[in-house]
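Visitor: Structure file input-v3.tsv (TSV, C-alpha atoms) right here:
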```tsv
chain	number	residue	atom	x	y	z
A	195	MET	CA	0.00	0.00	0.00
A	196	HIS	CA	2.88	2.37	0.73
A	197	HIS	CA	3.75	2.44	-2.97
A	198	LYS	CA	0.24	3.68	-3.77
A	199	LEU	CA	0.50	6.53	-1.28
A	200	LYS	CA	3.89	7.67	-2.59
A	201	ARG	CA	2.61	8.59	-6.02
A	202	GLY	CA	1.24	12.06	-5.38
A	203	ILE	CA	-1.29	11.43	-2.62
A	204	VAL	CA	-0.97	13.83	0.30
A	205	VAL	CA	-1.84	12.18	3.62
A	206	THR	CA	-3.08	14.30	6.53
A	207	ARG	CA	-3.25	12.72	9.97
A	208	GLU	CA	-5.38	14.17	12.77
A	209	TYR	CA	-5.13	12.13	15.96
A	210	GLU	CA	-6.75	13.25	19.20
A	211	ALA	CA	-4.41	12.91	22.18
A	212	ASN	CA	-5.09	10.45	25.00
A	213	LEU	CA	-7.66	8.29	23.26
A	214	PRO	CA	-9.26	5.57	25.38
A	215	LYS	CA	-8.69	1.89	24.70
A	216	VAL	CA	-10.97	-0.18	22.52
A	217	MET	CA	-11.52	-3.93	22.65
A	218	ALA	CA	-10.10	-5.22	19.37
A	219	TYR	CA	-7.39	-7.36	17.83
A	220	GLY	CA	-4.62	-5.30	16.28
A	221	SER	CA	-4.42	-7.58	13.26
A	222	GLU	CA	-8.12	-7.10	12.54
A	223	LEU	CA	-7.88	-3.33	12.90
A	224	ASN	CA	-4.91	-3.39	10.53
A	225	GLN	CA	-7.06	-5.24	7.99
A	226	VAL	CA	-9.82	-2.62	8.31
A	227	TRP	CA	-7.46	0.35	7.86
A	228	THR	CA	-5.55	-1.36	5.03
A	229	ASN	CA	-8.74	-2.04	3.06
A	230	LEU	CA	-10.16	1.45	3.54
A	231	ILE	CA	-6.93	3.29	2.74
A	232	ASP	CA	-6.18	1.01	-0.22
A	233	ASN	CA	-9.64	1.69	-1.68
A	234	ALA	CA	-9.19	5.43	-1.17
A	235	ALA	CA	-5.80	5.37	-2.91
A	236	ASP	CA	-7.28	3.40	-5.82
A	237	ALA	CA	-10.15	5.88	-6.14
A	238	MET	CA	-7.80	8.86	-6.29
A	239	LYS	CA	-5.62	7.30	-9.00
A	240	GLU	CA	-2.42	9.36	-9.35
A	241	LYS	CA	-2.97	12.25	-6.95
A	242	GLY	CA	-5.26	13.52	-4.26
A	243	LYS	CA	-5.73	14.15	-0.56
A	244	LEU	CA	-6.30	11.48	2.06
A	245	LEU	CA	-7.38	12.32	5.59
A	246	VAL	CA	-7.07	9.92	8.53
A	247	ARG	CA	-8.77	11.36	11.60
A	248	VAL	CA	-9.13	9.65	14.99
A	249	VAL	CA	-11.19	11.21	17.80
A	250	ARG	CA	-13.34	10.24	20.73
A	251	GLU	CA	-17.06	10.53	20.02
A	252	ASN	CA	-19.17	9.82	23.10
A	253	ASP	CA	-18.70	6.11	23.94
A	254	TYR	CA	-16.77	5.38	20.74
A	255	VAL	CA	-13.47	5.99	19.09
A	256	LEU	CA	-14.23	7.37	15.64
A	257	VAL	CA	-11.79	6.71	12.83
A	258	GLU	CA	-12.57	8.62	9.66
A	259	ILE	CA	-10.81	7.94	6.37
A	260	ALA	CA	-11.66	10.53	3.73
A	261	ASP	CA	-10.50	11.13	0.17
A	262	ASP	CA	-11.12	13.68	-2.55
A	263	GLY	CA	-11.60	11.14	-5.35
A	264	PRO	CA	-14.56	10.89	-7.71
A	265	GLY	CA	-16.94	9.54	-5.07
A	266	ILE	CA	-19.13	6.47	-4.93
A	267	PRO	CA	-22.22	6.69	-7.14
A	268	PRO	CA	-25.43	6.94	-5.06
A	269	GLU	CA	-26.95	3.93	-6.82
A	270	VAL	CA	-24.23	1.60	-5.52
A	271	GLN	CA	-23.63	3.01	-2.03
A	272	SER	CA	-26.18	0.67	-0.46
A	273	ARG	CA	-24.37	-2.37	-1.91
A	274	ILE	CA	-20.70	-1.65	-1.21
A	275	PHE	CA	-20.54	-3.82	1.92
A	276	GLU	CA	-21.98	-6.87	0.12
A	277	PRO	CA	-19.58	-9.75	-0.51
A	278	PHE	CA	-18.16	-9.86	-4.05
A	279	PHE	CA	-19.56	-6.44	-4.97
A	280	THR	CA	-17.00	-4.30	-6.77
A	281	THR	CA	-16.92	-1.30	-9.04
A	282	LYS	CA	-13.40	-2.14	-10.17
A	283	GLY	CA	-12.65	-3.74	-13.51
A	284	VAL	CA	-12.22	-7.48	-14.08
A	285	GLY	CA	-9.09	-8.71	-12.33
A	286	GLU	CA	-8.68	-5.50	-10.30
A	287	GLY	CA	-10.68	-6.32	-7.19
A	288	THR	CA	-12.38	-9.25	-5.49
A	289	GLY	CA	-15.24	-7.30	-3.96
A	290	LEU	CA	-14.32	-8.63	-0.52
A	291	GLY	CA	-12.45	-5.70	1.05
A	292	LEU	CA	-15.43	-3.72	2.31
A	293	ASP	CA	-17.28	-6.91	3.26
A	294	VAL	CA	-14.30	-7.82	5.46
A	295	VAL	CA	-14.28	-4.30	6.94
A	296	HIS	CA	-18.00	-4.55	7.72
A	297	ARG	CA	-17.73	-8.02	9.31
A	298	ILE	CA	-14.72	-7.09	11.49
A	299	VAL	CA	-16.30	-3.85	12.73
A	300	ARG	CA	-19.61	-5.60	13.51
A	301	LYS	CA	-17.72	-8.30	15.43
A	302	MET	CA	-16.31	-5.49	17.63
A	303	ARG	CA	-19.88	-4.21	18.14
A	304	GLY	CA	-18.94	-1.16	16.11
A	305	LEU	CA	-20.43	0.61	13.13
A	306	VAL	CA	-19.03	1.50	9.71
A	307	THR	CA	-20.76	4.08	7.51
A	308	VAL	CA	-19.99	5.90	4.29
A	309	LYS	CA	-20.92	9.35	3.03
A	310	SER	CA	-19.89	10.09	-0.51
A	311	VAL	CA	-20.25	12.81	-3.11
A	312	SER	CA	-17.84	13.71	-5.87
A	313	GLY	CA	-14.67	15.03	-4.25
A	314	ASP	CA	-15.54	13.91	-0.70
A	315	THR	CA	-15.88	10.27	0.34
A	316	ARG	CA	-15.77	9.53	4.07
A	317	PHE	CA	-15.74	6.13	5.70
A	318	GLN	CA	-16.42	6.41	9.42
A	319	VAL	CA	-15.65	3.53	11.75
A	320	ARG	CA	-16.97	3.74	15.30
A	321	ILE	CA	-15.50	1.29	17.79
A	322	PRO	CA	-16.90	1.07	21.33
A	323	ILE	CA	-14.61	2.22	24.11
A	324	GLN	CA	-13.50	-0.56	26.41
A	325	ALA	CA	-15.63	-0.68	29.57
A	326	GLY	CA	-14.13	1.27	32.45
A	327	MET	CA	-11.89	3.42	30.23
```
Have the structure of the file written as structure tokens, please.
Guide:
Amino acid sequence: MHHKLKRGIVVTREYEANLPKVMAYGSELNQVWTNLIDNAADAMKEKGKLLVRVVRENDYVLVEIADDGPGIPPEVQSRIFEPFFTTKGVGEGTGLGLDVVHRIVRKMRGLVTVKSVSGDTRFQVRIPIQAGM
């Protein structure tokens, strides 16, 4: 993925200090972030802006991954978390990345949503804060 981000994509990171802990496996979170960032990089092609923002939102940690690519057409937004659904060309994608994201986040009792218009696509992942934190 690093090679995709080197080719003219500007990454902005906004991390809130002193975030509480969440109950999750690091390897699963890595899979979620990898899939979302990889999709954003693919959407932006050669250049663009990628935002990774992490903040506390009530009883959740909110991770937002946003890009300024062409957006996800409204007619397919309701299907993007379905297994094997892809807007990529033949041989370019399996259609499993967002399904995996959705399943992992649900397993953590979290929520993943998308808001997308041309020039502003935002995936928001909310993960519950660990009890007592």
Visitor: So that I can check the surroundings of range 232-243 of chain A, please list as number ranges by chain every protein, DNA and RNA residue that reaches within 6 Å of it, counting only C-alpha atoms and ignoring chain neighbours fewer than 3 positions away.
Guide: A: 202-204, 228-229, 261-263
Visitor: Could you please determine the separation between CA of Tyr219 in chain A and CA of Val255 in chain A in Å, to one decimal place?
Guide: 14.7 Å
Visitor: Set out as JSON lines a contact list for range 198-277 of chain A and range 318-322 of chain A with a cut-off of 7 Å, giving each residue of range 198-277 of chain A that qualifies its closest atom pair and distance in Å to one decimal, counting only C-alpha atoms, ordered by chain and rising residue number.
Guide:
```
{"residue": "A:Val216", "atom": "CA", "partner": "A:Pro322", "partner_atom": "CA", "distance": 6.2}
{"residue": "A:Asp253", "atom": "CA", "partner": "A:Pro322", "partner_atom": "CA", "distance": 6.0}
{"residue": "A:Tyr254", "atom": "CA", "partner": "A:Pro322", "partner_atom": "CA", "distance": 4.4}
{"residue": "A:Val255", "atom": "CA", "partner": "A:Ile321", "partner_atom": "CA", "distance": 5.3}
{"residue": "A:Leu256", "atom": "CA", "partner": "A:Arg320", "partner_atom": "CA", "distance": 4.6}
{"residue": "A:Val257", "atom": "CA", "partner": "A:Val319", "partner_atom": "CA", "distance": 5.1}
{"residue": "A:Glu258", "atom": "CA", "partner": "A:Gln318", "partner_atom": "CA", "distance": 4.4}
{"residue": "A:Ile259", "atom": "CA", "partner": "A:Gln318", "partner_atom": "CA", "distance": 6.6}
```
Visitor: For the selection just defined, write its residues with C-alpha atoms to a file, as a PDB file, in the coordinates of the input.
Guide:
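The result, stored in result08.pdb:
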```
ATOM      1  CA  VAL A 216     -10.970  -0.180  22.520  1.00  0.00           C
ATOM      2  CA  ASP A 253     -18.700   6.110  23.940  1.00  0.00           C
ATOM      3  CA  TYR A 254     -16.770   5.380  20.740  1.00  0.00           C
ATOM      4  CA  VAL A 255     -13.470   5.990  19.090  1.00  0.00           C
ATOM      5  CA  LEU A 256     -14.230   7.370  15.640  1.00  0.00           C
ATOM      6  CA  VAL A 257     -11.790   6.710  12.830  1.00  0.00           C
ATOM      7  CA  GLU A 258     -12.570   8.620   9.660  1.00  0.00           C
ATOM      8  CA  ILE A 259     -10.810   7.940   6.370  1.00  0.00           C
TER       9      ILE A 259
END
```
Visitor: Between A:Ile323, A:Val308, A:Ala211, A:Leu223, which has the minimum distance to Val294 in chain A (counting only C-alpha atoms)?
Guide: A:Leu223
Visitor: Pick from A:Val306, A:Val311, A:Leu213, A:Val226: nearest to Glu269 in chain A, with only C-alpha atoms counted?
Guide: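 Looking only at the distances to Glu269 in chain A, the closest residue turns out to be A:Val311.
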Visitor: Go ahead and compute the interatomic distance for CA of Pro277 in chain A and CA of Leu292 in chain A, in Å to one decimal.
Guide: 7.8 Å
Visitor: Work out how far apart CA of Asn252 in chain A and CA of Ile274 in chain A are and give it in Å to one decimal.
Guide: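 Those two atoms sit 26.9 Å apart.
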Visitor: Just the residues within 10 Å of Arg273 in chain A, please, counting all atoms listed in the file, with nothing from its chain fewer than 6 positions along; format it as a ChimeraX atom specification.
Guide: /A:279-280,292-293
Visitor: Looking at A:Lys309, A:Ile266, A:Glu251, A:Ala260, which one is nearest to Pro214 in chain A, with distances taken over all atoms listed in the file?
Guide: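 Of all the options, A:Glu251 lies closest to Pro214 in chain A.
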Visitor: Compile the contact shell of Arg207 in chain A as a list in words: residues with an atom at most 10 Å away, counting all atoms listed in the file, same-chain residues fewer than 5 positions apart removed.
Guide: Leu244, Leu245, Val246, Arg247, Val248 and Ile259 of chain A
Visitor: A:Arg303, A:Phe275, A:Gly220, A:Asn212: which is nearest Phe317 in chain A, counting all atoms listed in the file?
Guide: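 The answer is A:Phe275, which sits nearest to Phe317 in chain A.
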Visitor: Only C-alpha atoms, as a compact mmCIF listing (two decimals), in the first residue's frame: that is what I want for range 195-317 of chain A.
Guide:
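part_26.txt written:
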```txt
# COMPACT_ATOMS: atom_id res chain seq x y z
CA MET A 195 0.00 0.00 0.00
CA HIS A 196 2.88 2.37 0.73
CA HIS A 197 3.75 2.44 -2.97
CA LYS A 198 0.24 3.68 -3.77
CA LEU A 199 0.50 6.53 -1.28
CA LYS A 200 3.89 7.67 -2.59
CA ARG A 201 2.61 8.59 -6.02
CA GLY A 202 1.24 12.06 -5.38
CA ILE A 203 -1.29 11.43 -2.62
CA VAL A 204 -0.97 13.83 0.30
CA VAL A 205 -1.84 12.18 3.62
CA THR A 206 -3.08 14.30 6.53
CA ARG A 207 -3.25 12.72 9.97
CA GLU A 208 -5.38 14.17 12.77
CA TYR A 209 -5.13 12.13 15.96
CA GLU A 210 -6.75 13.25 19.20
CA ALA A 211 -4.41 12.91 22.18
CA ASN A 212 -5.09 10.45 25.00
CA LEU A 213 -7.66 8.29 23.26
CA PRO A 214 -9.26 5.57 25.38
CA LYS A 215 -8.69 1.89 24.70
CA VAL A 216 -10.97 -0.18 22.52
CA MET A 217 -11.52 -3.93 22.65
CA ALA A 218 -10.10 -5.22 19.37
CA TYR A 219 -7.39 -7.36 17.83
CA GLY A 220 -4.62 -5.30 16.28
CA SER A 221 -4.42 -7.58 13.26
CA GLU A 222 -8.12 -7.10 12.54
CA LEU A 223 -7.88 -3.33 12.90
CA ASN A 224 -4.91 -3.39 10.53
CA GLN A 225 -7.06 -5.24 7.99
CA VAL A 226 -9.82 -2.62 8.31
CA TRP A 227 -7.46 0.35 7.86
CA THR A 228 -5.55 -1.36 5.03
CA ASN A 229 -8.74 -2.04 3.06
CA LEU A 230 -10.16 1.45 3.54
CA ILE A 231 -6.93 3.29 2.74
CA ASP A 232 -6.18 1.01 -0.22
CA ASN A 233 -9.64 1.69 -1.68
CA ALA A 234 -9.19 5.43 -1.17
CA ALA A 235 -5.80 5.37 -2.91
CA ASP A 236 -7.28 3.40 -5.82
CA ALA A 237 -10.15 5.88 -6.14
CA MET A 238 -7.80 8.86 -6.29
CA LYS A 239 -5.62 7.30 -9.00
CA GLU A 240 -2.42 9.36 -9.35
CA LYS A 241 -2.97 12.25 -6.95
CA GLY A 242 -5.26 13.52 -4.26
CA LYS A 243 -5.73 14.15 -0.56
CA LEU A 244 -6.30 11.48 2.06
CA LEU A 245 -7.38 12.32 5.59
CA VAL A 246 -7.07 9.92 8.53
CA ARG A 247 -8.77 11.36 11.60
CA VAL A 248 -9.13 9.65 14.99
CA VAL A 249 -11.19 11.21 17.80
CA ARG A 250 -13.34 10.24 20.73
CA GLU A 251 -17.06 10.53 20.02
CA ASN A 252 -19.17 9.82 23.10
CA ASP A 253 -18.70 6.11 23.94
CA TYR A 254 -16.77 5.38 20.74
CA VAL A 255 -13.47 5.99 19.09
CA LEU A 256 -14.23 7.37 15.64
CA VAL A 257 -11.79 6.71 12.83
CA GLU A 258 -12.57 8.62 9.66
CA ILE A 259 -10.81 7.94 6.37
CA ALA A 260 -11.66 10.53 3.73
CA ASP A 261 -10.50 11.13 0.17
CA ASP A 262 -11.12 13.68 -2.55
CA GLY A 263 -11.60 11.14 -5.35
CA PRO A 264 -14.56 10.89 -7.71
CA GLY A 265 -16.94 9.54 -5.07
CA ILE A 266 -19.13 6.47 -4.93
CA PRO A 267 -22.22 6.69 -7.14
CA PRO A 268 -25.43 6.94 -5.06
CA GLU A 269 -26.95 3.93 -6.82
CA VAL A 270 -24.23 1.60 -5.52
CA GLN A 271 -23.63 3.01 -2.03
CA SER A 272 -26.18 0.67 -0.46
CA ARG A 273 -24.37 -2.37 -1.91
CA ILE A 274 -20.70 -1.65 -1.21
CA PHE A 275 -20.54 -3.82 1.92
CA GLU A 276 -21.98 -6.87 0.12
CA PRO A 277 -19.58 -9.75 -0.51
CA PHE A 278 -18.16 -9.86 -4.05
CA PHE A 279 -19.56 -6.44 -4.97
CA THR A 280 -17.00 -4.30 -6.77
CA THR A 281 -16.92 -1.30 -9.04
CA LYS A 282 -13.40 -2.14 -10.17
CA GLY A 283 -12.65 -3.74 -13.51
CA VAL A 284 -12.22 -7.48 -14.08
CA GLY A 285 -9.09 -8.71 -12.33
CA GLU A 286 -8.68 -5.50 -10.30
CA GLY A 287 -10.68 -6.32 -7.19
CA THR A 288 -12.38 -9.25 -5.49
CA GLY A 289 -15.24 -7.30 -3.96
CA LEU A 290 -14.32 -8.63 -0.52
CA GLY A 291 -12.45 -5.70 1.05
CA LEU A 292 -15.43 -3.72 2.31
CA ASP A 293 -17.28 -6.91 3.26
CA VAL A 294 -14.30 -7.82 5.46
CA VAL A 295 -14.28 -4.30 6.94
CA HIS A 296 -18.00 -4.55 7.72
CA ARG A 297 -17.73 -8.02 9.31
CA ILE A 298 -14.72 -7.09 11.49
CA VAL A 299 -16.30 -3.85 12.73
CA ARG A 300 -19.61 -5.60 13.51
CA LYS A 301 -17.72 -8.30 15.43
CA MET A 302 -16.31 -5.49 17.63
CA ARG A 303 -19.88 -4.21 18.14
CA GLY A 304 -18.94 -1.16 16.11
CA LEU A 305 -20.43 0.61 13.13
CA VAL A 306 -19.03 1.50 9.71
CA THR A 307 -20.76 4.08 7.51
CA VAL A 308 -19.99 5.90 4.29
CA LYS A 309 -20.92 9.35 3.03
CA SER A 310 -19.89 10.09 -0.51
CA VAL A 311 -20.25 12.81 -3.11
CA SER A 312 -17.84 13.71 -5.87
CA GLY A 313 -14.67 15.03 -4.25
CA ASP A 314 -15.54 13.91 -0.70
CA THR A 315 -15.88 10.27 0.34
CA ARG A 316 -15.77 9.53 4.07
CA PHE A 317 -15.74 6.13 5.70
```
